[in-house]
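Next comes structure.cif, a file with mmCIF, C-alpha atoms and all ligand atoms.
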data_target
loop_
_atom_site.label_atom_id
_atom_site.label_comp_id
_atom_site.auth_asym_id
_atom_site.auth_seq_id
_atom_site.Cartn_x
_atom_site.Cartn_y
_atom_site.Cartn_z
CA MET A 1 34.56 104.77 32.72
CA ILE A 2 34.64 107.77 30.41
CA GLU A 3 30.81 107.62 30.27
CA ASN A 4 30.68 107.85 34.05
CA ALA A 5 32.65 111.08 34.11
CA ARG A 6 30.54 112.52 31.32
CA THR A 7 27.47 112.61 33.53
CA SER A 8 28.89 115.61 35.42
CA ARG A 9 28.89 119.10 33.97
CA SER A 10 31.30 119.35 31.08
CA ALA A 11 34.51 121.35 31.22
CA ILE A 12 33.09 123.88 28.79
CA GLU A 13 29.96 124.28 30.90
CA LEU A 14 32.20 125.02 33.85
CA GLY A 15 33.90 127.72 31.78
CA TYR A 16 37.19 125.93 31.02
CA ASP A 17 37.99 127.43 27.66
CA PRO A 18 41.75 127.84 27.03
CA TRP A 19 41.09 129.43 23.61
CA SER A 20 38.92 132.22 24.94
CA PRO A 21 40.56 135.61 25.66
CA ALA A 22 38.23 136.11 28.65
CA PHE A 23 39.31 132.78 30.17
CA VAL A 24 42.99 133.53 29.57
CA ALA A 25 42.58 136.99 31.17
CA ASP A 26 41.10 135.46 34.32
CA PRO A 27 40.95 131.65 34.41
CA TYR A 28 40.48 131.47 38.18
CA PRO A 29 36.68 131.44 38.53
CA ALA A 30 36.41 128.60 35.98
CA LEU A 31 39.33 126.75 37.57
CA ALA A 32 37.62 127.01 40.97
CA ARG A 33 34.49 125.42 39.48
CA LEU A 34 36.62 122.63 37.97
CA ARG A 35 38.30 122.04 41.32
CA ASP A 36 34.92 121.78 43.04
CA GLY A 37 33.80 119.20 40.46
CA PRO A 38 34.99 115.63 39.86
CA ARG A 39 38.62 114.85 40.70
CA ALA A 40 39.19 113.97 37.05
CA LEU A 41 36.96 115.40 34.34
CA PHE A 42 37.23 114.28 30.73
CA ASP A 43 37.39 117.19 28.27
CA GLU A 44 36.02 116.18 24.87
CA ARG A 45 37.75 118.99 22.98
CA THR A 46 41.29 118.14 24.06
CA ARG A 47 40.62 114.48 24.94
CA GLN A 48 42.44 115.18 28.19
CA TRP A 49 41.47 114.40 31.79
CA LEU A 50 41.48 117.64 33.75
CA VAL A 51 42.87 117.29 37.27
CA SER A 52 42.72 120.39 39.43
CA ARG A 53 42.96 119.61 43.15
CA HIS A 54 46.29 120.26 44.85
CA ALA A 55 46.59 116.83 46.47
CA ASP A 56 45.97 115.08 43.13
CA VAL A 57 48.24 117.29 41.01
CA ASN A 58 51.00 117.03 43.61
CA ALA A 59 50.71 113.23 43.83
CA LEU A 60 50.42 112.66 40.09
CA LEU A 61 53.52 114.74 39.34
CA ARG A 62 55.46 112.21 41.44
CA ASP A 63 53.68 109.13 40.08
CA ARG A 64 55.96 106.99 37.92
CA ARG A 65 52.97 105.40 36.16
CA LEU A 66 52.73 108.67 34.26
CA GLY A 67 55.20 110.17 31.82
CA ARG A 68 55.88 113.40 30.01
CA THR A 69 56.16 111.18 26.95
CA PHE A 70 55.02 107.67 26.02
CA LEU A 71 57.37 107.25 23.10
CA HIS A 72 59.86 105.27 25.20
CA VAL A 73 57.23 102.54 25.69
CA ALA A 74 55.03 102.70 22.56
CA THR A 75 54.82 104.22 19.11
CA ASN A 76 52.22 106.76 18.06
CA ALA A 77 50.58 104.09 15.91
CA GLU A 78 50.33 101.65 18.84
CA TRP A 79 48.55 104.31 20.87
CA GLY A 80 46.32 105.31 17.98
CA ARG A 81 47.90 108.76 17.70
CA PRO A 82 48.92 110.33 14.39
CA ASP A 83 52.61 110.89 13.68
CA PRO A 84 53.43 114.58 13.28
CA PRO A 85 53.16 115.72 9.66
CA ALA A 86 56.41 115.29 7.68
CA GLU A 87 56.94 119.06 7.38
CA GLU A 88 57.07 119.29 11.19
CA ALA A 89 59.55 116.43 11.66
CA ASP A 90 62.51 118.73 12.43
CA LEU A 91 60.62 120.51 15.19
CA TRP A 92 59.40 117.33 16.90
CA ARG A 93 62.81 115.62 16.63
CA LEU A 94 64.31 118.62 18.41
CA LEU A 95 61.63 118.73 21.12
CA GLY A 96 61.80 114.96 21.54
CA SER A 97 65.53 115.15 22.32
CA GLN A 98 65.01 117.46 25.31
CA MET A 99 65.09 116.14 28.89
CA ILE A 100 61.67 117.60 29.58
CA ASP A 101 60.24 115.19 27.01
CA GLN A 102 62.24 112.17 28.13
CA GLU A 103 61.74 109.63 30.86
CA PRO A 104 64.40 107.58 32.70
CA PRO A 105 67.00 106.42 31.96
CA ASP A 106 67.54 109.08 29.24
CA HIS A 107 65.99 111.83 31.34
CA THR A 108 68.32 111.04 34.24
CA ARG A 109 71.39 111.09 32.00
CA LEU A 110 70.48 114.39 30.32
CA ARG A 111 69.48 116.15 33.52
CA ARG A 112 72.66 115.04 35.30
CA LEU A 113 74.83 116.54 32.56
CA VAL A 114 73.62 120.07 33.20
CA SER A 115 72.32 119.96 36.76
CA THR A 116 75.53 121.24 38.38
CA ALA A 117 75.21 124.47 36.39
CA PHE A 118 71.87 125.17 38.13
CA THR A 119 72.29 124.03 41.74
CA PRO A 120 71.50 126.56 44.49
CA ARG A 121 75.22 126.74 45.25
CA THR A 122 76.21 127.55 41.63
CA VAL A 123 73.40 130.08 41.45
CA GLU A 124 74.65 131.71 44.67
CA ARG A 125 77.96 132.34 42.93
CA LEU A 126 76.13 133.99 40.01
CA ARG A 127 74.30 136.47 42.24
CA PRO A 128 76.84 139.32 42.00
CA ARG A 129 76.74 139.15 38.20
CA ILE A 130 72.93 138.90 38.12
CA ASP A 131 72.82 141.95 40.40
CA GLN A 132 75.16 143.88 38.14
CA ILE A 133 72.98 143.17 35.11
CA ALA A 134 69.72 143.89 36.98
CA THR A 135 71.02 147.16 38.44
CA ALA A 136 72.09 148.42 35.02
CA LEU A 137 68.78 147.40 33.44
CA VAL A 138 66.74 149.13 36.15
CA GLU A 139 68.87 152.26 35.73
CA ASP A 140 68.33 152.26 31.94
CA ALA A 141 64.58 151.75 32.37
CA ALA A 142 64.35 154.54 34.97
CA ALA A 143 65.93 156.92 32.47
CA LEU A 144 63.11 156.19 30.03
CA GLY A 145 60.46 157.62 32.35
CA GLU A 146 57.61 155.74 30.73
CA PHE A 147 58.39 152.28 29.41
CA ASP A 148 57.30 148.66 28.88
CA LEU A 149 58.29 146.83 32.04
CA ILE A 150 58.52 143.59 30.04
CA ALA A 151 60.45 144.52 26.87
CA ASP A 152 62.56 147.23 28.50
CA LEU A 153 63.44 145.41 31.69
CA LEU A 154 61.96 142.12 32.90
CA GLU A 155 62.68 140.07 29.79
CA LEU A 156 66.21 141.39 29.43
CA LEU A 157 67.42 139.93 32.72
CA PRO A 158 66.67 136.20 32.23
CA VAL A 159 67.61 136.43 28.56
CA THR A 160 70.99 137.97 29.38
CA VAL A 161 71.70 135.62 32.28
CA ILE A 162 70.95 132.39 30.41
CA ALA A 163 72.72 133.65 27.27
CA GLU A 164 75.84 134.43 29.32
CA LEU A 165 75.70 131.03 31.03
CA LEU A 166 75.59 129.27 27.70
CA GLY A 167 78.04 131.70 26.10
CA ILE A 168 75.82 133.10 23.35
CA PRO A 169 77.63 136.11 21.84
CA GLN A 170 75.97 139.45 22.56
CA ALA A 171 75.39 140.22 18.88
CA ASP A 172 73.29 137.06 18.41
CA ARG A 173 71.00 137.43 21.44
CA ALA A 174 68.32 139.52 19.77
CA ASN A 175 67.32 136.46 17.71
CA LEU A 176 66.81 134.22 20.69
CA ARG A 177 63.61 135.60 22.17
CA PRO A 178 61.63 135.55 18.88
CA TRP A 179 62.85 132.00 18.19
CA SER A 180 61.78 130.89 21.68
CA ARG A 181 58.44 132.65 21.38
CA ASP A 182 57.68 131.04 18.02
CA MET A 183 58.97 127.58 18.86
CA THR A 184 56.87 127.33 21.99
CA LEU A 185 53.65 128.16 20.12
CA VAL A 186 53.16 124.42 19.57
CA PHE A 187 52.81 123.82 23.30
CA GLU A 188 49.40 125.49 23.21
CA LEU A 189 46.26 123.36 22.83
CA HIS A 190 45.27 122.92 19.16
CA PRO A 191 47.70 125.47 17.74
CA PRO A 192 46.53 126.83 14.37
CA ALA A 193 48.43 125.92 11.18
CA GLY A 194 50.10 129.33 11.00
CA ASP A 195 51.54 128.98 14.50
CA ARG A 196 52.77 125.46 13.77
CA ALA A 197 54.54 126.71 10.65
CA ARG A 198 56.16 129.55 12.60
CA ALA A 199 57.33 127.07 15.23
CA VAL A 200 58.94 124.87 12.56
CA THR A 201 60.72 127.81 10.94
CA ALA A 202 61.99 129.05 14.31
CA ALA A 203 63.14 125.56 15.36
CA ARG A 204 65.15 125.13 12.14
CA ALA A 205 66.82 128.52 12.48
CA PHE A 206 67.52 127.98 16.18
CA GLU A 207 68.95 124.52 15.54
CA ALA A 208 71.21 125.69 12.71
CA TYR A 209 72.48 128.51 14.90
CA ILE A 210 73.25 126.24 17.88
CA ARG A 211 74.98 123.66 15.66
CA ASP A 212 77.28 126.37 14.24
CA LEU A 213 78.01 127.74 17.68
CA ALA A 214 78.80 124.26 19.00
CA ARG A 215 81.23 123.72 16.11
CA GLU A 216 83.02 126.93 17.03
CA ARG A 217 83.10 126.12 20.74
CA ARG A 218 84.50 122.69 20.02
CA ARG A 219 87.30 124.22 17.97
CA GLN A 220 87.93 126.83 20.61
CA PRO A 221 86.25 126.22 23.98
CA THR A 222 85.40 129.35 25.97
CA GLY A 223 84.62 127.82 29.38
CA ASP A 224 80.84 128.29 29.12
CA LEU A 225 78.05 125.71 29.24
CA MET A 226 77.80 125.52 25.45
CA SER A 227 81.51 124.61 25.20
CA GLU A 228 81.04 121.98 27.89
CA LEU A 229 78.02 120.46 26.15
CA ALA A 230 79.76 120.49 22.77
CA LEU A 231 82.78 118.67 24.21
CA VAL A 232 80.62 116.08 26.01
CA ALA A 233 78.70 115.45 22.79
CA ASP A 234 82.00 115.11 20.96
CA ALA A 235 83.08 112.35 23.32
CA GLY A 236 80.04 110.50 22.04
CA ASP A 237 78.68 108.19 24.66
CA ARG A 238 76.85 110.52 27.08
CA LEU A 239 75.16 113.04 24.78
CA THR A 240 74.17 112.80 21.14
CA GLU A 241 74.52 115.76 18.83
CA ASP A 242 70.71 116.16 18.71
CA GLU A 243 70.50 116.05 22.51
CA MET A 244 73.20 118.69 22.79
CA VAL A 245 71.22 121.03 20.53
CA GLY A 246 67.95 120.15 22.29
CA THR A 247 69.42 120.83 25.74
CA ALA A 248 70.81 124.25 24.77
CA ILE A 249 67.49 125.24 23.21
CA LEU A 250 65.45 123.95 26.17
CA LEU A 251 67.51 126.06 28.56
CA LEU A 252 67.10 129.12 26.37
CA ASN A 253 63.35 128.57 25.86
CA ALA A 254 62.69 127.87 29.54
CA GLY A 255 64.84 130.78 30.62
CA HIS A 256 62.96 133.10 28.30
CA GLU A 257 59.31 132.20 28.44
CA ALA A 258 58.40 131.15 31.98
CA SER A 259 60.73 133.60 33.71
CA VAL A 260 59.62 136.61 31.69
CA ASN A 261 55.92 135.82 32.04
CA GLY A 262 56.35 134.96 35.71
CA ALA A 263 58.01 138.26 36.58
CA ALA A 264 55.53 140.30 34.53
CA ASN A 265 52.44 138.49 35.88
CA SER A 266 53.77 139.10 39.39
CA TRP A 267 54.14 142.85 38.86
CA TYR A 268 50.74 143.08 37.26
CA ALA A 269 49.22 141.28 40.25
CA LEU A 270 50.92 143.77 42.57
CA PHE A 271 49.62 146.76 40.59
CA ARG A 272 46.09 145.36 40.93
CA GLN A 273 46.48 144.89 44.67
CA PRO A 274 47.78 148.24 45.91
CA ALA A 275 47.76 147.16 49.56
CA ALA A 276 50.14 144.29 48.81
CA LEU A 277 52.38 146.55 46.73
CA ALA A 278 52.46 149.17 49.49
CA ALA A 279 53.33 146.53 52.09
CA LEU A 280 56.18 145.22 49.92
CA ARG A 281 57.44 148.77 49.35
CA ALA A 282 57.41 149.34 53.07
CA ASP A 283 59.37 146.16 53.83
CA HIS A 284 61.76 144.80 51.21
CA GLY A 285 62.57 141.97 53.61
CA LEU A 286 59.34 140.39 52.39
CA VAL A 287 60.76 139.88 48.89
CA PRO A 288 61.85 136.20 49.28
CA THR A 289 58.41 134.99 50.38
CA ALA A 290 56.60 137.50 48.14
CA ILE A 291 58.15 136.24 44.91
CA GLU A 292 57.09 132.66 45.70
CA GLU A 293 53.63 133.85 46.68
CA LEU A 294 53.27 135.80 43.45
CA LEU A 295 54.30 132.72 41.47
CA ARG A 296 51.59 130.82 43.33
CA PHE A 297 49.00 133.53 42.88
CA ASP A 298 49.36 133.80 39.10
CA THR A 299 51.65 131.14 37.68
CA PRO A 300 53.03 131.71 34.17
CA ALA A 301 52.68 127.99 33.43
CA PRO A 302 49.12 127.08 34.45
CA MET A 303 48.94 123.57 33.00
CA PHE A 304 51.23 120.64 32.22
CA GLU A 305 50.36 117.35 30.58
CA ARG A 306 51.13 113.75 31.43
CA TRP A 307 50.58 110.47 29.61
CA VAL A 308 49.14 107.51 31.47
CA LEU A 309 51.69 104.70 31.02
CA GLU A 310 49.91 102.23 33.33
CA ASP A 311 46.25 102.25 34.40
CA ILE A 312 45.55 104.57 37.31
CA GLU A 313 42.60 105.57 39.46
CA ILE A 314 41.78 109.10 40.48
CA GLY A 315 39.01 108.90 43.06
CA ASP A 316 36.44 106.57 41.56
CA VAL A 317 37.54 107.22 37.99
CA ARG A 318 39.70 104.57 36.36
CA ILE A 319 41.95 106.03 33.67
CA PRO A 320 43.57 103.46 31.40
CA ARG A 321 47.00 103.43 29.79
CA GLY A 322 47.09 105.61 26.70
CA GLN A 323 45.03 108.49 28.09
CA GLU A 324 46.34 111.99 28.71
CA LEU A 325 46.03 114.15 31.84
CA ALA A 326 46.07 117.93 31.98
CA LEU A 327 47.34 118.88 35.41
CA GLN A 328 45.93 122.28 36.31
CA PHE A 329 48.74 123.90 38.31
CA ALA A 330 46.92 127.24 38.49
CA ALA A 331 43.86 125.57 40.03
CA ALA A 332 46.00 123.56 42.48
CA ASN A 333 47.84 126.74 43.51
CA ARG A 334 44.55 128.28 44.65
CA ASP A 335 43.16 125.19 46.38
CA PRO A 336 41.56 126.42 49.61
CA SER A 337 42.12 123.06 51.29
CA VAL A 338 45.85 123.79 51.21
CA PHE A 339 46.12 127.58 51.12
CA GLU A 340 44.31 129.85 53.55
CA ARG A 341 43.00 132.99 51.79
CA ALA A 342 43.92 131.23 48.56
CA ASP A 343 42.64 134.03 46.32
CA GLU A 344 44.65 136.70 48.13
CA ILE A 345 48.30 137.68 47.95
CA VAL A 346 49.79 136.90 51.37
CA LEU A 347 53.28 138.33 51.07
CA ASP A 348 54.76 136.42 54.00
CA ARG A 349 53.07 133.08 53.26
CA ASP A 350 55.29 130.39 54.73
CA PRO A 351 55.13 127.46 54.24
CA ASN A 352 53.94 127.84 50.68
CA ALA A 353 53.27 124.53 48.92
CA TYR A 354 52.77 126.12 45.49
CA LEU A 355 53.36 123.90 42.47
CA SER A 356 54.48 126.47 39.90
CA PHE A 357 57.89 124.79 39.50
CA GLY A 358 56.33 121.32 39.33
CA ALA A 359 57.36 118.33 41.47
CA GLY A 360 58.96 114.92 41.01
CA ILE A 361 61.68 114.09 38.52
CA HIS A 362 60.89 116.97 36.14
CA TYR A 363 60.89 119.59 38.90
CA CYS A 364 62.08 122.80 37.30
CA LEU A 365 65.85 122.68 36.89
CA GLY A 366 65.96 126.47 36.69
CA ALA A 367 63.98 127.17 39.88
CA PRO A 368 66.95 128.36 41.99
CA LEU A 369 68.10 130.57 39.11
CA ALA A 370 64.63 131.99 38.45
CA LYS A 371 64.15 132.73 42.16
CA ALA A 372 67.54 134.45 42.42
CA GLU A 373 66.76 136.58 39.37
CA PHE A 374 63.34 137.53 40.78
CA ASP A 375 64.75 138.29 44.22
CA ILE A 376 67.39 140.62 42.82
CA VAL A 377 65.36 142.42 40.18
CA PHE A 378 62.36 142.91 42.50
CA ARG A 379 64.63 144.51 45.12
CA ARG A 380 66.32 146.78 42.59
CA ILE A 381 62.96 147.87 41.15
CA LEU A 382 61.52 148.56 44.62
CA GLU A 383 64.58 150.63 45.54
CA ARG A 384 65.10 152.59 42.35
CA LEU A 385 61.48 152.92 41.15
CA PRO A 386 59.48 153.38 44.35
CA ARG A 387 56.54 155.02 42.58
CA LEU A 388 56.33 152.66 39.60
CA ALA A 389 52.72 152.58 38.37
CA LEU A 390 50.66 151.22 35.50
CA VAL A 391 50.02 153.54 32.57
CA GLU A 392 47.30 151.43 30.96
CA GLU A 393 45.61 148.07 31.41
CA PRO A 394 47.70 145.42 29.64
CA THR A 395 46.38 142.71 27.32
CA TRP A 396 47.07 139.02 27.66
CA LYS A 397 48.73 137.11 24.83
CA PRO A 398 46.26 134.66 23.27
CA ARG A 399 48.04 131.76 25.00
CA PHE A 400 47.15 129.63 28.00
CA ILE A 401 50.01 127.15 28.39
CA LEU A 402 52.63 129.89 28.52
CA ARG A 403 50.39 132.58 29.93
CA GLY A 404 51.71 136.11 29.86
CA LEU A 405 51.08 139.72 28.97
CA GLU A 406 51.82 141.34 25.63
CA ALA A 407 53.31 144.40 27.34
CA LEU A 408 53.15 146.20 30.69
CA ARG A 409 53.35 149.97 30.20
CA VAL A 410 54.44 151.76 33.36
CA HIS A 411 55.87 155.11 34.45
CA ALA A 412 58.70 155.52 36.90
C1 LIG B 501 59.41 131.51 36.94
C2 LIG B 501 60.09 130.80 36.08
C3 LIG B 501 59.90 129.35 35.79
C4 LIG B 501 58.79 128.55 35.98
C5 LIG B 501 57.45 128.93 36.58
C6 LIG B 501 59.17 127.22 35.51
C7 LIG B 501 58.32 126.12 35.57
C8 LIG B 501 58.71 124.84 35.26
C9 LIG B 501 57.89 123.66 35.45
C10 LIG B 501 56.49 123.65 36.01
C11 LIG B 501 58.60 122.59 35.03
C12 LIG B 501 58.15 121.12 35.08
C13 LIG B 501 57.24 120.77 33.94
C14 LIG B 501 56.59 119.43 34.13
O1 LIG B 501 56.73 118.79 35.18
O2 LIG B 501 55.91 118.97 33.19
C15 LIG B 501 59.86 123.08 34.55
C16 LIG B 501 60.84 122.27 34.02
C17 LIG B 501 62.04 122.77 33.58
N1 LIG B 501 62.51 124.06 33.69
FE1 LIG B 501 61.52 125.65 34.47
N2 LIG B 501 60.44 127.26 35.04
C18 LIG B 501 60.94 128.53 35.20
C19 LIG B 501 62.19 128.98 34.88
C20 LIG B 501 63.18 128.21 34.35
C21 LIG B 501 64.51 128.66 34.04
C22 LIG B 501 65.07 130.06 34.29
C23 LIG B 501 65.17 127.59 33.50
C24 LIG B 501 66.57 127.43 33.00
C25 LIG B 501 67.41 128.27 32.75
C26 LIG B 501 64.27 126.47 33.51
C27 LIG B 501 64.57 125.22 33.05
C28 LIG B 501 63.75 124.13 33.14
C29 LIG B 501 64.12 122.80 32.65
C30 LIG B 501 65.43 122.42 31.98
C31 LIG B 501 63.05 121.95 32.94
C32 LIG B 501 62.96 120.46 32.62
C33 LIG B 501 63.39 119.67 33.81
C34 LIG B 501 63.25 118.18 33.60
O3 LIG B 501 62.56 117.74 32.67
O4 LIG B 501 63.84 117.45 34.40
N3 LIG B 501 63.07 126.88 34.03
N4 LIG B 501 59.92 124.45 34.71
#

Serialized structure, structure tokens:
Amino acid sequence: MIENARTSRSAIELGYDPWSPAFVADPYPALARLRDGPRALFDERTRQWLVSRHADVNALLRDRRLGRTFLHVATNAEWGRPDPPAEEADLWRLLGSQMIDQEPPDHTRLRRLVSTAFTPRTVERLRPRIDQIATALVEDAAALGEFDLIADLLELLPVTVIAELLGIPQADRANLRPWSRDMTLVFELHPPAGDRARAVTAARAFEAYIRDLARERRRQPTGDLMSELALVADAGDRLTEDEMVGTAILLLNAGHEASVNGAANSWYALFRQPAALAALRADHGLVPTAIEELLRFDTPAPMFERWVLEDIEIGDVRIPRGQELALQFAAANRDPSVFERADEIVLDRDPNAYLSFGAGIHYCLGAPLAKAEFDIVFRRILERLPRLALVEEPTWKPRFILRGLEALRVHA
């Protein structure tokens, strides 16, 4: 079976090279070649099956024979995988307690506990506050004249909103983004030892901080999500202490990384396509469809993995239990069999079957919140900074899984 797939051109020959700066800067030509190749292509370097067509990615995300984890059905040893090294145990225990790395029934229980805080209706009630924060941030950035659209504006909105939701005191927030950045380094493919060590250090500091905060909130609840989680964990049967910490950190990480990169990638795409930017400037009513289209056009999360829990077939390739798939969201989002003018920004694209928020049981819990934040901050930027322009070409961070720019220097 694996031999069969090896007869086609290899992933590296097609240009799939997540460690190469040139690939990270523009993965789309290589992803198009992958998509035109076999429906599942085994990549020797990662030992993952690359799946890149929209219909396949969409179906597999909903397929219960796959899982984000396999540890609920087998041990690492049973699947011939090494246990994480002892010095990384704290990090992997924390990640393993998060809903995104759980399958039912634990996933269902954990997701249910926080889902009401993120429903479209709850998010609708947050809009005035999000607008207040966004308006002030845009005003502060405008006063700078020339600034980094990411550090001085785009990253501050999701960080502030999620920190307020959880009830993280203002004075502590500056720590959160570096902890998130470092912790998530291990999601990349083959992270180097230095990155792994940074992730462990960040995870320990983050965990200690959240445990202290939970203790305080338990003593004196303040009506925020952290107080709620701490009290539920205290009651004992619905949420363990580790899960409480893992949930808070997952929300902070997710709120920081994907949202920040997504907003920044979207603005960079607009700067490179002046006609689209001009059309959006001329008609702010396009913002709701435009933000979804920009997330399709250059998703901040181009690939997610799945474990094969029961044998599956993708086309004529049989993939047995124990194998791993790499679902190429960025390739699926540009699949010409689903999207007309797939490589263009079509601001009023509707319907838009983009997969940037995933699908199935792990569909992004924060999607309504992220979309509300984007909608508001894009409008405020368009209104207050109508001539916003790039000062210099940005560079991409050397990361593929959480793909984003180092900085985005602009002038008002
Ligand atoms: C543009 C911004 C965002 C993008 C592109 C994004 C993307 C995604 C994707 C693709 C998944 C599913 C992963 C998979 O199936 O393997 C996911 C899951 C998740 N996201 Fe987001 N996300 C964004 C923003 C947020 C925000 C703001 C939050 C929370 C505050 C959030 C919280 C979560 C959580 C908790 C999960 C796990 C859900 C589960 O396992 O059931 N995300 N996100």

Long-range neighbours of stretch 139-150 of chain A as a PyMOL selection string, 6 Å cut-off, all atoms listed in the file, 5 positions minimum in chain: chain A and resi 155+407-412

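One finds atom CA of A:Asp56 at 22.3 Å from atom C29 of ligand LIG 501 (chain B).
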
All residues having an atom within 8 Å of ligand LIG 501 (chain B) (all atoms listed in the file) as a ChimeraX atom specification: /A:61,68,98-102,107-108,111,118,158,162,247,250-263,295,299-301,304-306,355-367,369-371

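Distance-wise, atom CA of A:Val245 and atom CA of A:Arg129 end up 25.9 Å apart.
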
Interatomic distance (Å, one decimal) between atom CA of A:Pro128 and atom CA of A:Ala279: 26.6 Å

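Of the listed residues A:Thr122, A:Asn333, A:Gln323, A:Gln328, the one whose atoms come nearest to A:Gln48 is A:Gln323, with distances taken using all atoms listed in the file.
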
Distance criterion (only C-alpha atoms): nearest to A:Leu327 out of A:Ile12, A:Val161, A:Leu113, A:Ala59: A:Ala59

Residue nearest A:Ser227 - candidates A:Pro336, A:Gly37, A:Gly80, A:Gly167, atoms counted: only C-alpha atoms: A:Gly167

Take the structure in the block and write a file for stretch 295-306 of chain A, N, CA and C atoms, as an mmCIF file, in the first residue's frame.
data_model
loop_
_atom_site.group_PDB
_atom_site.id
_atom_site.type_symbol
_atom_site.label_atom_id
_atom_site.label_comp_id
_atom_site.auth_asym_id
_atom_site.auth_seq_id
_atom_site.Cartn_x
_atom_site.Cartn_y
_atom_site.Cartn_z
ATOM 1 N N LEU A 295 -9.652 34.786 4.952
ATOM 2 C CA LEU A 295 -9.245 33.595 5.719
ATOM 3 C C LEU A 295 -9.126 32.373 4.815
ATOM 4 N N ARG A 296 -9.941 32.332 3.773
ATOM 5 C CA ARG A 296 -9.794 31.258 2.779
ATOM 6 C C ARG A 296 -8.505 31.447 1.989
ATOM 7 N N PHE A 297 -8.299 32.674 1.541
ATOM 8 C CA PHE A 297 -7.221 32.962 0.600
ATOM 9 C C PHE A 297 -5.846 32.676 1.214
ATOM 10 N N ASP A 298 -5.679 33.009 2.488
ATOM 11 C CA ASP A 298 -4.379 32.761 3.124
ATOM 12 C C ASP A 298 -4.586 32.403 4.592
ATOM 13 N N THR A 299 -4.976 31.151 4.827
ATOM 14 C CA THR A 299 -5.307 30.747 6.195
ATOM 15 C C THR A 299 -4.078 30.767 7.111
ATOM 16 N N PRO A 300 -4.264 31.200 8.362
ATOM 17 C CA PRO A 300 -3.138 31.189 9.299
ATOM 18 C C PRO A 300 -2.817 29.790 9.827
ATOM 19 N N ALA A 301 -3.685 28.837 9.554
ATOM 20 C CA ALA A 301 -3.481 27.474 10.064
ATOM 21 C C ALA A 301 -3.591 26.514 8.882
ATOM 22 N N PRO A 302 -2.508 26.382 8.095
ATOM 23 C CA PRO A 302 -2.617 25.682 6.803
ATOM 24 C C PRO A 302 -2.719 24.168 6.884
ATOM 25 N N MET A 303 -2.435 23.572 8.054
ATOM 26 C CA MET A 303 -2.429 22.107 8.091
ATOM 27 C C MET A 303 -2.798 21.597 9.477
ATOM 28 N N PHE A 304 -3.640 20.593 9.536
ATOM 29 C CA PHE A 304 -3.945 19.935 10.813
ATOM 30 C C PHE A 304 -3.830 18.426 10.642
ATOM 31 N N GLU A 305 -3.446 17.773 11.730
ATOM 32 C CA GLU A 305 -3.171 16.334 11.649
ATOM 33 C C GLU A 305 -4.309 15.493 12.228
ATOM 34 N N ARG A 306 -4.381 14.262 11.768
ATOM 35 C CA ARG A 306 -5.335 13.301 12.303
ATOM 36 C C ARG A 306 -4.688 11.926 12.348
#
